[in-house]
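Shown here: final_30.cif, mmCIF, C-alpha atoms.
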```
data_structure
#
loop_
_atom_site.label_atom_id
_atom_site.label_comp_id
_atom_site.auth_asym_id
_atom_site.auth_seq_id
_atom_site.Cartn_x
_atom_site.Cartn_y
_atom_site.Cartn_z
CA MET A 1 36.30 -11.36 -21.71
CA THR A 2 34.94 -8.58 -23.91
CA GLY A 3 31.16 -8.35 -23.68
CA GLU A 4 30.93 -6.54 -27.01
CA ALA A 5 32.05 -9.66 -28.86
CA ASP A 6 29.42 -11.91 -27.28
CA MET A 7 26.27 -9.95 -26.42
CA LYS A 8 23.72 -10.10 -29.24
CA ILE A 9 20.57 -8.01 -29.30
CA GLU A 10 18.31 -11.08 -29.46
CA GLN A 11 19.98 -12.42 -26.33
CA ILE A 12 19.11 -9.30 -24.36
CA VAL A 13 15.51 -9.41 -25.65
CA GLU A 14 15.07 -12.97 -24.39
CA ALA A 15 16.85 -12.14 -21.13
CA PHE A 16 14.44 -9.23 -20.71
CA ALA A 17 11.44 -11.53 -21.24
CA GLU A 18 12.90 -13.94 -18.69
CA LEU A 19 13.30 -11.15 -16.13
CA ILE A 20 9.65 -10.20 -16.65
CA ARG A 21 8.70 -13.81 -15.84
CA ILE A 22 10.15 -13.40 -12.35
CA PRO A 23 7.30 -12.03 -10.17
CA SER A 24 9.46 -9.58 -8.22
CA VAL A 25 6.59 -7.83 -6.43
CA THR A 26 7.86 -5.47 -3.75
CA GLY A 27 8.60 -7.38 -0.56
CA SER A 28 8.21 -10.82 -2.15
CA ALA A 29 10.75 -13.60 -2.70
CA GLY A 30 10.78 -12.55 -6.36
CA GLU A 31 13.06 -9.62 -5.50
CA GLU A 32 15.88 -12.00 -4.57
CA GLN A 33 15.14 -14.19 -7.59
CA ALA A 34 15.44 -11.22 -9.95
CA CYS A 35 18.69 -10.21 -8.26
CA ALA A 36 20.07 -13.73 -8.64
CA TYR A 37 19.12 -13.81 -12.32
CA LEU A 38 21.00 -10.59 -13.08
CA GLU A 39 23.88 -11.82 -10.96
CA SER A 40 24.14 -14.95 -13.12
CA ILE A 41 24.21 -12.93 -16.36
CA LEU A 42 26.99 -10.70 -15.07
CA ALA A 43 28.98 -13.73 -13.97
CA ARG A 44 28.78 -15.21 -17.47
CA TYR A 45 30.55 -12.09 -18.73
CA GLY A 46 33.23 -12.27 -16.09
CA ILE A 47 31.87 -9.35 -14.09
CA GLN A 48 31.81 -9.66 -10.32
CA SER A 49 28.84 -8.24 -8.47
CA GLU A 50 27.92 -7.74 -4.86
CA ARG A 51 24.69 -7.92 -2.96
CA ILE A 52 23.87 -5.03 -0.66
CA ALA A 53 21.04 -5.96 1.66
CA ARG A 54 19.46 -4.50 4.74
CA ILE A 55 18.06 -7.98 5.28
CA LYS A 56 19.46 -11.01 3.47
CA GLU A 57 16.19 -11.92 1.74
CA ARG A 58 15.91 -8.55 -0.01
CA PRO A 59 19.19 -7.80 -1.80
CA ASN A 60 20.16 -5.01 -4.15
CA LEU A 61 22.77 -5.73 -6.82
CA LEU A 62 25.85 -3.63 -7.59
CA ALA A 63 28.52 -4.24 -10.21
CA GLY A 64 31.30 -2.00 -11.45
CA ILE A 65 33.76 -1.73 -14.30
CA ARG A 66 36.63 0.40 -13.04
CA ALA A 67 38.53 2.61 -15.46
CA ALA A 68 42.28 2.05 -15.45
CA HIS A 69 42.83 5.82 -15.63
CA PRO A 70 39.58 7.65 -14.72
CA GLN A 71 39.40 11.26 -15.82
CA LYS A 72 35.72 12.07 -15.25
CA GLU A 73 33.05 11.57 -12.63
CA PRO A 74 31.60 8.04 -12.49
CA LEU A 75 28.57 6.97 -14.52
CA VAL A 76 25.95 5.14 -12.47
CA LEU A 77 23.22 3.19 -14.26
CA ILE A 78 20.27 2.76 -11.88
CA SER A 79 16.91 1.03 -12.11
CA HIS A 80 14.58 -0.88 -9.83
CA ILE A 81 13.64 -4.53 -10.30
CA ASP A 82 10.71 -4.61 -7.90
CA VAL A 83 7.25 -4.13 -9.36
CA VAL A 84 3.66 -3.70 -8.26
CA ASP A 85 1.29 -6.64 -8.63
CA GLY A 86 -1.46 -6.96 -11.23
CA ASP A 87 -4.99 -8.35 -11.38
CA LYS A 88 -4.77 -11.32 -13.75
CA GLU A 89 -8.51 -11.10 -14.43
CA GLN A 90 -7.99 -7.68 -16.03
CA TRP A 91 -5.04 -8.64 -18.25
CA SER A 92 -5.19 -10.11 -21.76
CA HIS A 93 -1.80 -11.80 -21.20
CA PRO A 94 -0.35 -13.32 -18.00
CA VAL A 95 0.85 -10.60 -15.64
CA PHE A 96 4.27 -12.25 -15.31
CA GLY A 97 4.25 -14.22 -18.54
CA GLY A 98 6.90 -12.29 -20.42
CA GLU A 99 5.03 -13.34 -23.56
CA ARG A 100 6.20 -12.15 -26.95
CA ALA A 101 3.10 -11.67 -29.08
CA GLY A 102 1.97 -9.21 -31.72
CA GLY A 103 5.38 -7.59 -31.85
CA ARG A 104 5.23 -6.75 -28.14
CA ILE A 105 6.56 -8.12 -24.87
CA TRP A 106 3.84 -8.37 -22.24
CA GLY A 107 4.08 -8.31 -18.46
CA ARG A 108 4.49 -6.27 -15.34
CA GLY A 109 7.73 -4.31 -15.39
CA THR A 110 8.03 -3.90 -19.16
CA LEU A 111 7.67 -0.14 -18.63
CA ASP A 112 8.49 0.28 -14.92
CA THR A 113 11.44 -0.36 -14.94
CA LYS A 114 12.80 -3.73 -16.02
CA GLN A 115 13.08 -2.39 -19.56
CA LEU A 116 15.61 0.15 -18.28
CA THR A 117 17.41 -2.51 -16.24
CA MET A 118 18.04 -4.55 -19.37
CA MET A 119 18.88 -1.58 -21.60
CA GLU A 120 21.49 -0.56 -19.05
CA LEU A 121 22.72 -4.12 -18.63
CA TYR A 122 23.19 -4.46 -22.41
CA ALA A 123 25.37 -1.34 -22.51
CA PHE A 124 27.21 -2.34 -19.34
CA LEU A 125 28.07 -5.83 -20.61
CA ARG A 126 29.44 -4.38 -23.85
CA LEU A 127 32.00 -2.47 -21.78
CA ALA A 128 33.41 -5.59 -20.13
CA GLY A 129 37.15 -5.91 -20.69
CA GLN A 130 37.60 -2.30 -21.82
CA GLU A 131 38.95 -0.86 -18.60
CA GLU A 132 41.96 0.65 -20.37
CA GLN A 133 39.72 2.61 -22.73
CA LEU A 134 37.27 3.91 -20.12
CA ASN A 135 37.52 7.56 -19.10
CA ARG A 136 35.44 6.96 -15.97
CA ASP A 137 34.19 4.18 -13.70
CA VAL A 138 30.85 2.69 -14.70
CA TRP A 139 28.45 1.18 -12.17
CA PHE A 140 25.37 -0.96 -12.69
CA LEU A 141 22.93 -0.75 -9.77
CA ALA A 142 19.63 -2.65 -9.70
CA THR A 143 17.61 -2.06 -6.55
CA ILE A 144 14.48 -3.33 -4.85
CA ASP A 145 11.78 -1.62 -2.76
CA GLU A 146 11.43 1.46 -4.98
CA GLU A 147 7.68 0.90 -5.11
CA GLY A 148 7.66 0.63 -1.30
CA GLY A 149 9.59 3.80 -0.51
CA SER A 150 13.20 2.55 -0.96
CA ALA A 151 14.05 1.97 2.71
CA TYR A 152 15.36 -1.50 1.81
CA GLY A 153 16.58 -0.36 -1.57
CA MET A 154 18.36 2.80 -2.69
CA GLU A 155 18.12 4.49 0.69
CA TYR A 156 19.97 1.59 2.31
CA VAL A 157 22.52 1.36 -0.51
CA LYS A 158 23.31 5.02 0.02
CA SER A 159 23.86 4.46 3.74
CA VAL A 160 26.56 1.83 3.13
CA ARG A 161 28.08 3.10 -0.14
CA PRO A 162 27.75 6.89 0.06
CA GLU A 163 30.71 7.48 -2.25
CA LEU A 164 28.66 6.28 -5.24
CA PHE A 165 26.21 9.13 -4.82
CA GLN A 166 28.63 12.05 -4.89
CA GLU A 167 28.86 14.13 -8.08
CA ALA A 168 28.11 11.28 -10.48
CA MET A 169 26.39 11.19 -13.84
CA VAL A 170 23.30 9.03 -13.39
CA ILE A 171 20.96 7.37 -15.89
CA ASN A 172 17.59 6.83 -14.24
CA GLU A 173 13.97 6.08 -15.02
CA GLY A 174 11.22 8.55 -15.91
CA GLY A 175 12.11 9.69 -19.42
CA GLY A 176 12.76 8.34 -22.88
CA PHE A 177 9.06 8.10 -23.70
CA PRO A 178 8.30 9.98 -26.93
CA LEU A 179 5.52 12.51 -27.49
CA HIS A 180 4.06 14.07 -30.65
CA ILE A 181 3.55 17.78 -29.93
CA ASN A 182 2.43 20.45 -32.40
CA GLY A 183 3.40 18.34 -35.40
CA GLN A 184 6.83 17.28 -34.11
CA ASP A 185 8.13 14.16 -32.32
CA TYR A 186 10.14 14.56 -29.12
CA MET A 187 12.00 12.20 -26.82
CA MET A 188 11.44 13.19 -23.21
CA LEU A 189 14.44 13.41 -20.90
CA THR A 190 13.92 13.95 -17.19
CA VAL A 191 16.36 16.50 -15.81
CA GLY A 192 15.06 16.93 -12.28
CA GLU A 193 12.42 16.26 -9.67
CA LYS A 194 10.24 18.38 -7.45
CA ALA A 195 10.81 18.69 -3.74
CA VAL A 196 8.35 17.05 -1.37
CA CYS A 197 7.46 18.62 1.97
CA LYS A 198 5.11 16.91 4.43
CA VAL A 199 3.36 19.12 6.94
CA ARG A 200 1.25 18.10 9.92
CA VAL A 201 -1.45 20.66 10.72
CA TRP A 202 -3.64 20.39 13.82
CA ALA A 203 -6.08 22.23 16.05
CA GLU A 204 -7.37 21.64 19.56
CA GLY A 205 -10.75 22.42 21.04
CA THR A 206 -13.40 21.24 23.45
CA GLY A 207 -14.50 17.64 23.02
CA GLY A 208 -17.85 16.24 23.96
CA HIS A 209 -20.90 14.30 22.85
CA ALA A 210 -22.04 14.85 19.29
CA SER A 211 -25.55 15.71 20.52
CA ALA A 212 -24.23 18.96 22.04
CA PRO A 213 -21.69 20.52 19.67
CA GLY A 214 -20.21 23.76 20.91
CA PRO A 215 -18.40 26.64 19.20
CA ASP A 216 -14.91 25.54 20.32
CA GLN A 217 -14.56 22.55 17.98
CA ALA A 218 -11.15 21.41 16.80
CA MET A 219 -12.59 20.24 13.49
CA LEU A 220 -13.99 23.69 12.68
CA LYS A 221 -10.70 25.36 13.52
CA LEU A 222 -8.77 22.92 11.36
CA ALA A 223 -11.20 23.38 8.50
CA SER A 224 -10.71 27.13 8.57
CA GLY A 225 -6.93 26.71 8.38
CA LEU A 226 -7.09 24.18 5.55
CA ARG A 227 -9.48 26.42 3.63
CA ARG A 228 -6.96 29.26 3.74
CA ILE A 229 -4.04 27.03 2.74
CA PHE A 230 -5.73 25.48 -0.29
CA ALA A 231 -7.25 28.78 -1.40
CA ALA A 232 -3.76 30.28 -1.54
CA GLU A 233 -2.15 27.45 -3.51
CA LYS A 234 -1.54 29.70 -6.54
CA GLU A 235 0.43 32.08 -4.32
CA LEU A 236 3.03 29.34 -3.82
CA THR A 237 5.23 30.51 -6.70
CA CYS A 238 8.67 29.57 -5.37
CA GLY A 239 11.20 27.40 -7.16
CA SER A 240 12.83 27.18 -10.57
CA HIS A 241 10.87 27.53 -13.82
CA HIS A 242 13.94 26.89 -15.96
CA THR A 243 12.84 23.47 -17.22
CA GLN A 244 9.44 24.78 -18.26
CA GLU A 245 11.01 27.79 -19.98
CA THR A 246 13.36 25.47 -21.90
CA MET A 247 10.45 23.24 -22.93
CA LYS A 248 8.62 26.26 -24.28
CA GLN A 249 11.70 27.45 -26.14
CA ILE A 250 12.34 24.09 -27.82
CA VAL A 251 8.71 23.47 -28.84
CA GLY A 252 8.28 27.12 -29.80
CA SER A 253 5.10 27.58 -27.78
CA GLY A 254 3.55 26.95 -24.40
CA ASP A 255 0.32 25.90 -26.10
CA TRP A 256 0.65 22.15 -26.77
CA ASP A 257 -1.89 20.09 -28.70
CA ASN A 258 -1.03 16.84 -26.88
CA ALA A 259 -3.06 16.53 -23.67
CA VAL A 260 -0.48 14.46 -21.79
CA GLY A 261 2.27 16.77 -23.03
CA ALA A 262 0.28 19.81 -21.89
CA ASP A 263 -0.02 18.27 -18.43
CA ILE A 264 3.73 17.59 -18.33
CA PHE A 265 4.41 21.18 -19.39
CA GLY A 266 2.06 22.54 -16.72
CA TYR A 267 3.58 20.26 -14.08
CA ALA A 268 7.01 21.80 -14.74
CA GLY A 269 5.70 25.23 -13.74
CA GLN A 270 3.32 24.55 -10.87
CA ASN A 271 3.49 23.89 -7.17
CA SER A 272 0.74 21.85 -5.55
CA ILE A 273 -0.69 20.96 -2.16
CA GLY A 274 -2.46 17.71 -1.42
CA MET A 275 -3.92 16.04 1.65
CA ARG A 276 -2.30 12.71 2.48
CA ASN A 277 -4.11 11.84 5.69
CA TYR A 278 -6.38 13.20 8.37
CA GLN A 279 -7.59 12.28 11.87
CA ILE A 280 -10.82 13.83 13.19
CA GLY A 281 -11.81 11.38 15.87
CA GLU A 282 -12.50 7.69 16.19
CA ARG A 283 -16.20 7.55 17.16
CA SER A 284 -19.12 8.97 15.23
CA ASN A 285 -20.96 10.19 18.32
CA VAL A 286 -18.02 12.00 19.90
CA ILE A 287 -16.69 15.44 19.01
CA PRO A 288 -12.89 15.11 19.20
CA ALA A 289 -10.77 17.52 21.20
CA ARG A 290 -8.09 17.37 18.53
CA ALA A 291 -8.17 17.21 14.74
CA GLU A 292 -5.23 17.01 12.40
CA ALA A 293 -4.30 16.58 8.75
CA VAL A 294 -1.12 15.70 6.91
CA LEU A 295 -0.44 17.81 3.83
CA GLU A 296 2.04 17.15 1.06
CA PHE A 297 3.60 20.05 -0.81
CA LYS A 298 5.10 19.13 -4.19
CA VAL A 299 7.17 22.12 -5.17
CA LEU A 300 9.56 23.05 -7.94
CA PRO A 301 13.31 22.43 -7.64
CA GLY A 302 15.09 25.22 -5.84
CA THR A 303 12.30 25.73 -3.32
CA ARG A 304 13.65 26.11 0.19
CA ARG A 305 12.01 24.72 3.31
CA GLU A 306 11.94 28.26 4.71
CA GLU A 307 9.73 29.39 1.82
CA ILE A 308 7.10 26.81 2.70
CA GLU A 309 7.28 27.82 6.36
CA ALA A 310 6.77 31.47 5.38
CA PHE A 311 3.77 30.49 3.25
CA LEU A 312 2.21 28.60 6.16
CA GLU A 313 2.86 31.47 8.56
CA ARG A 314 1.03 33.86 6.23
CA GLN A 315 -1.97 31.64 5.71
CA LEU A 316 -2.39 30.56 9.33
CA SER A 317 -1.71 33.95 10.89
CA GLY A 318 -4.32 34.76 13.52
CA LEU A 319 -5.82 31.27 13.54
CA PRO A 320 -5.62 28.83 16.48
CA ILE A 321 -3.78 26.34 14.28
CA HIS A 322 -0.48 24.56 14.84
CA TYR A 323 1.78 23.06 12.20
CA GLU A 324 4.98 21.07 12.00
CA ILE A 325 7.11 20.13 8.99
CA SER A 326 7.54 16.38 9.44
CA GLY A 327 9.67 15.75 6.38
CA TYR A 328 11.40 17.62 3.58
CA GLU A 329 13.12 16.05 0.57
CA PRO A 330 14.75 18.70 -1.62
CA GLY A 331 14.24 18.74 -5.36
CA PHE A 332 16.99 18.93 -7.95
CA GLU A 333 17.38 20.11 -11.52
CA SER A 334 19.95 20.16 -14.29
CA ASN A 335 19.24 22.93 -16.78
CA PHE A 336 20.34 23.62 -20.33
CA ASP A 337 22.99 26.08 -19.16
CA ASN A 338 24.82 22.91 -18.13
CA SER A 339 27.16 21.91 -20.96
CA ARG A 340 26.99 18.23 -19.98
CA LEU A 341 23.21 18.26 -20.39
CA LYS A 342 23.50 19.95 -23.78
CA GLU A 343 25.99 17.30 -24.86
CA LEU A 344 23.74 14.49 -23.61
CA ALA A 345 20.75 15.91 -25.48
CA ALA A 346 22.82 16.18 -28.66
CA ASP A 347 24.05 12.60 -28.21
CA LEU A 348 20.45 11.36 -27.83
CA ASP A 349 19.34 13.31 -30.89
CA GLU A 350 22.17 11.86 -32.98
CA ALA A 351 21.76 8.26 -31.76
CA GLY A 352 17.98 8.45 -32.09
CA LYS A 353 18.20 9.55 -35.71
CA ARG A 354 20.71 6.81 -36.48
CA HIS A 355 18.28 4.18 -35.19
CA GLY A 356 15.02 5.50 -36.59
CA PHE A 357 13.72 8.35 -34.42
CA THR A 358 13.60 11.74 -36.12
CA GLY A 359 12.57 13.92 -33.18
CA ARG A 360 14.44 16.11 -30.71
CA THR A 361 15.21 15.67 -27.04
CA LEU A 362 12.87 17.60 -24.74
CA PRO A 363 13.57 18.07 -21.01
CA MET A 364 10.94 17.51 -18.35
CA LEU A 365 10.60 17.09 -14.60
CA ALA A 366 9.97 13.54 -13.43
CA LEU A 367 6.30 12.91 -12.69
CA GLY A 368 6.81 11.94 -9.08
CA ARG A 369 9.72 10.87 -6.94
CA THR A 370 12.26 8.27 -8.09
CA ASP A 371 15.39 6.72 -6.67
CA GLY A 372 17.25 9.45 -8.50
CA ARG A 373 16.48 11.72 -5.55
CA PHE A 374 19.15 10.00 -3.49
CA PHE A 375 21.74 11.13 -6.05
CA GLY A 376 20.32 14.53 -6.94
CA SER A 377 20.49 15.65 -3.32
CA GLU A 378 24.26 15.00 -3.37
CA GLY A 379 25.07 17.11 -6.40
CA SER A 380 24.91 14.34 -9.00
CA MET A 381 23.42 15.02 -12.42
CA VAL A 382 20.44 12.68 -12.82
CA TYR A 383 18.87 12.06 -16.22
CA GLY A 384 15.84 9.83 -16.77
CA CYS A 385 15.89 8.05 -20.12
CA SER A 386 14.86 4.63 -21.41
CA PRO A 387 14.53 5.56 -25.11
CA LEU A 388 11.46 4.24 -26.96
CA LEU A 389 9.84 4.61 -30.36
CA MET A 390 6.58 6.40 -31.11
CA GLU A 391 4.59 3.16 -30.80
CA ASP A 392 5.24 3.52 -27.07
CA SER A 393 4.49 7.23 -26.79
CA PHE A 394 4.00 8.70 -23.33
CA ASP A 395 0.27 9.21 -23.78
CA VAL A 396 -0.16 5.54 -24.76
CA VAL A 397 2.01 3.90 -22.09
CA LEU A 398 1.29 6.13 -19.08
CA PRO A 399 -2.04 4.40 -18.23
CA LYS A 400 -0.29 1.01 -18.37
CA VAL A 401 2.31 1.86 -15.72
CA HIS A 402 0.81 0.27 -12.58
CA GLY A 403 -2.24 -0.43 -14.77
CA ASN A 404 -3.45 -3.36 -16.87
CA ASN A 405 -1.76 -4.93 -19.90
CA GLU A 406 1.62 -3.34 -19.39
CA SER A 407 3.72 -4.05 -22.47
CA ILE A 408 6.46 -2.71 -24.72
CA GLY A 409 7.10 -3.05 -28.44
CA GLU A 410 10.00 -5.37 -29.28
CA ASP A 411 11.31 -2.89 -31.85
CA SER A 412 10.94 -0.14 -29.27
CA PHE A 413 12.92 -2.07 -26.67
CA ILE A 414 15.66 -2.91 -29.18
CA PHE A 415 15.78 0.76 -30.22
CA GLY A 416 16.25 1.74 -26.56
CA CYS A 417 19.06 -0.77 -26.08
CA ARG A 418 20.94 0.50 -29.10
CA VAL A 419 20.43 4.19 -28.44
CA LEU A 420 21.35 4.01 -24.76
CA ASP A 421 24.34 1.81 -25.58
CA GLU A 422 25.59 4.29 -28.16
CA VAL A 423 25.13 7.28 -25.86
CA ILE A 424 26.83 5.54 -22.94
CA ARG A 425 29.76 4.40 -25.07
CA LYS A 426 30.28 7.91 -26.38
CA ASN A 427 30.38 9.25 -22.84
CA VAL A 428 32.65 6.61 -21.28
CA LEU A 429 34.99 5.75 -24.14
CA GLY A 430 35.84 9.29 -25.11
CA GLY A 431 33.92 9.07 -28.37
CA ALA A 432 35.07 5.59 -29.39
CA GLN A 433 32.31 3.43 -30.88
#
```
Could I get this file's structure written as structure tokens?
Amino acid sequence: MTGEADMKIEQIVEAFAELIRIPSVTGSAGEEQACAYLESILARYGIQSERIARIKERPNLLAGIRAAHPQKEPLVLISHIDVVDGDKEQWSHPVFGGERAGGRIWGRGTLDTKQLTMMELYAFLRLAGQEEQLNRDVWFLATIDEEGGSAYGMEYVKSVRPELFQEAMVINEGGGFPLHINGQDYMMLTVGEKAVCKVRVWAEGTGGHASAPGPDQAMLKLASGLRRIFAAEKELTCGSHHTQETMKQIVGSGDWDNAVGADIFGYAGQNSIGMRNYQIGERSNVIPARAEAVLEFKVLPGTRREEIEAFLERQLSGLPIHYEISGYEPGFESNFDNSRLKELAADLDEAGKRHGFTGRTLPMLALGRTDGRFFGSEGSMVYGCSPLLMEDSFDVVLPKVHGNNESIGEDSFIFGCRVLDEVIRKNVLGGAQ
């Protein structure tokens, strides 16, 4: 069966609304229900799928269309179908209503990331039956537990199907949202993510009753070390600035008149240190003999673990402070020296114009960690893009992600389906439309 002949755009819009109506909150029974719903759609188009589950009740869904004669690396379309919950008292429409009103579709997941799931599914279904024409294998992967850390989702999928993660082209979340900057419209495309390094810092001293504090207090020692670390944050200049430099080149300036855009631009050139947790005793009237804090370094792609260790050694030199790197997830980046990225940007520009968007593609680093990190660490090229129109500009929708009244314009969603479909077809059918 050829999906192209049967899939209509109105069908995918209604299927999207139906997926929103499934309350697939992370860890709930809704995860399996959402998986089953997608499974049923794929089956109607003659596409077999498989569940990959760490525990039976929480499955991820994988389906593939294998090229008869593959010539290029596989294309993997990823998204997550789990969502955070919402406070119904703060919403003007039901959180999981999937209501279509005022030209918009309302409900949790319309922006994070069920919209991408259905855009990818639309393109994927339209490839059914075209194995002879494909120049590469195409995979559709909808996962759960992204909002919970991915241990039951993409992390587990990688452990049992590692071959999918090697040197693939990946369409992911994080980009596609448009921005109006200095008089010009742009479609954001995520081309990388920062590294995350977690560091446990602690000090030991003499404990005792709070009524008789002495000079050898662990808390005071720890405070002195943390003061040095945070004061030196601007000295943490490691990592690649290529994405930020490209952003500046395309816009023509590093001075942007869009506040959200300016933050995104700054984020692509800065490293940061935050405190995730601390432990300074359990009783208010006792001075603890040990105090510790957990720091999180978010650093630019290309930063090595050794560079963070060297930074800590410099700042803590001479202090009675101990530290330990408890976790390091490397960043990744595809830059505009990469011909495949240039081609993808050109394809997005062309398809966007054909369907009503007159702006250019603008690269950015993802604002946080996504499931794309499991691919980027294996040499895959990961691009975040669920294309939307200006009615759903980044500065408008960003507060709605994990916030109240999450929604997407129907025209915007349809635009994304058509643009992503066109770009994917151009990349997997060797230019055939």
Take the PyMOL selection byres ((chain A and resi 122) around 12), apply it to the structure above, and return the hits as a PDB file with C-alpha atoms, in the frame of the given file.
```
ATOM      1  CA  GLY A   3      31.160  -8.350 -23.680  1.00  0.00           C
ATOM      2  CA  GLU A   4      30.930  -6.540 -27.010  1.00  0.00           C
ATOM      3  CA  ASP A   6      29.420 -11.910 -27.280  1.00  0.00           C
ATOM      4  CA  MET A   7      26.270  -9.950 -26.420  1.00  0.00           C
ATOM      5  CA  LYS A   8      23.720 -10.100 -29.240  1.00  0.00           C
ATOM      6  CA  ILE A   9      20.570  -8.010 -29.300  1.00  0.00           C
ATOM      7  CA  GLU A  10      18.310 -11.080 -29.460  1.00  0.00           C
ATOM      8  CA  GLN A  11      19.980 -12.420 -26.330  1.00  0.00           C
ATOM      9  CA  ILE A  12      19.110  -9.300 -24.360  1.00  0.00           C
ATOM     10  CA  VAL A  13      15.510  -9.410 -25.650  1.00  0.00           C
ATOM     11  CA  GLU A  14      15.070 -12.970 -24.390  1.00  0.00           C
ATOM     12  CA  ALA A  15      16.850 -12.140 -21.130  1.00  0.00           C
ATOM     13  CA  PHE A  16      14.440  -9.230 -20.710  1.00  0.00           C
ATOM     14  CA  LEU A  38      21.000 -10.590 -13.080  1.00  0.00           C
ATOM     15  CA  ILE A  41      24.210 -12.930 -16.360  1.00  0.00           C
ATOM     16  CA  LEU A  42      26.990 -10.700 -15.070  1.00  0.00           C
ATOM     17  CA  TYR A  45      30.550 -12.090 -18.730  1.00  0.00           C
ATOM     18  CA  LEU A  77      23.220   3.190 -14.260  1.00  0.00           C
ATOM     19  CA  GLN A 115      13.080  -2.390 -19.560  1.00  0.00           C
ATOM     20  CA  LEU A 116      15.610   0.150 -18.280  1.00  0.00           C
ATOM     21  CA  THR A 117      17.410  -2.510 -16.240  1.00  0.00           C
ATOM     22  CA  MET A 118      18.040  -4.550 -19.370  1.00  0.00           C
ATOM     23  CA  MET A 119      18.880  -1.580 -21.600  1.00  0.00           C
ATOM     24  CA  GLU A 120      21.490  -0.560 -19.050  1.00  0.00           C
ATOM     25  CA  LEU A 121      22.720  -4.120 -18.630  1.00  0.00           C
ATOM     26  CA  ALA A 123      25.370  -1.340 -22.510  1.00  0.00           C
ATOM     27  CA  PHE A 124      27.210  -2.340 -19.340  1.00  0.00           C
ATOM     28  CA  LEU A 125      28.070  -5.830 -20.610  1.00  0.00           C
ATOM     29  CA  ARG A 126      29.440  -4.380 -23.850  1.00  0.00           C
ATOM     30  CA  LEU A 127      32.000  -2.470 -21.780  1.00  0.00           C
ATOM     31  CA  ALA A 128      33.410  -5.590 -20.130  1.00  0.00           C
ATOM     32  CA  PHE A 140      25.370  -0.960 -12.690  1.00  0.00           C
ATOM     33  CA  PHE A 413      12.920  -2.070 -26.670  1.00  0.00           C
ATOM     34  CA  ILE A 414      15.660  -2.910 -29.180  1.00  0.00           C
ATOM     35  CA  PHE A 415      15.780   0.760 -30.220  1.00  0.00           C
ATOM     36  CA  GLY A 416      16.250   1.740 -26.560  1.00  0.00           C
ATOM     37  CA  CYS A 417      19.060  -0.770 -26.080  1.00  0.00           C
ATOM     38  CA  ARG A 418      20.940   0.500 -29.100  1.00  0.00           C
ATOM     39  CA  VAL A 419      20.430   4.190 -28.440  1.00  0.00           C
ATOM     40  CA  LEU A 420      21.350   4.010 -24.760  1.00  0.00           C
ATOM     41  CA  ASP A 421      24.340   1.810 -25.580  1.00  0.00           C
ATOM     42  CA  GLU A 422      25.590   4.290 -28.160  1.00  0.00           C
ATOM     43  CA  ILE A 424      26.830   5.540 -22.940  1.00  0.00           C
ATOM     44  CA  ARG A 425      29.760   4.400 -25.070  1.00  0.00           C
TER      45      ARG A 425
END
```
Non-local contacts of Ile408 in chain A (6 Å; all atoms listed in the file; under 2 positions in same chain excluded) as a list in words: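 The neighbour list is Arg104, Ile105 and Thr110 of chain A.
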Pairwise distance for CA of Phe357 in chain A and CA of His93 in chain A, rounded to one decimal in Å: 28.7 Å
Residues matched by the PyMOL selection byres ((chain A and resi 183) around 10) as a ChimeraX atom specification: /A:180-182,184-186,251,256-258
Keeping only C-alpha atoms, write those residues as an mmCIF file, in the coordinates of the input.
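As written to disk, again.cif reads:
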```cif
data_model
loop_
_atom_site.group_PDB
_atom_site.id
_atom_site.type_symbol
_atom_site.label_atom_id
_atom_site.label_comp_id
_atom_site.auth_asym_id
_atom_site.auth_seq_id
_atom_site.Cartn_x
_atom_site.Cartn_y
_atom_site.Cartn_z
ATOM 1 C CA HIS A 180 4.060 14.070 -30.650
ATOM 2 C CA ILE A 181 3.550 17.780 -29.930
ATOM 3 C CA ASN A 182 2.430 20.450 -32.400
ATOM 4 C CA GLN A 184 6.830 17.280 -34.110
ATOM 5 C CA ASP A 185 8.130 14.160 -32.320
ATOM 6 C CA TYR A 186 10.140 14.560 -29.120
ATOM 7 C CA VAL A 251 8.710 23.470 -28.840
ATOM 8 C CA TRP A 256 0.650 22.150 -26.770
ATOM 9 C CA ASP A 257 -1.890 20.090 -28.700
ATOM 10 C CA ASN A 258 -1.030 16.840 -26.880
#
```
Which residue of A:Leu365, A:Glu204, A:Lys194, A:Ser393 approaches Gly302 in chain A most closely, using all atoms listed in the file: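 Distance minimum relative to Gly302 in chain A lands on A:Lys194.
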Chain and number of each residue from the PyMOL selection byres ((chain A and resi 230-243) around 7), as a ChimeraX atom specification: /A:226-229,244-247,268-269,271-273,299-303,335,363-364
Atomic distance CA of Gly109 in chain A - CA of Gln90 in chain A, expressed in Å with one decimal: 16.1 Å
Ser407 in chain A environment, 12 Å, only C-alpha atoms, sequence neighbours closer than 5 positions dropped, as number ranges by chain: A: 17, 20, 91-115, 391-392, 396-402, 412-413
Interatomic distance (Å, one decimal) between CA of Glu147 in chain A and CA of Lys298 in chain A: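 These atoms are spaced 18.4 Å apart.
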Residues within 9 Å of (-8.7, 20.1, 10.4), counting all atoms listed in the file, listed as a list in words: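 Using all atoms listed in the file, the matching residues come out as Val201, Trp202, Ala203, Ala218, Met219, Leu220, Lys221, Leu222, Ala223, Ser224, Gly225, Leu226, Tyr278, Gln279, Ile280, Arg290, Ala291, Glu292, Ala293 and Ile321 of chain A.
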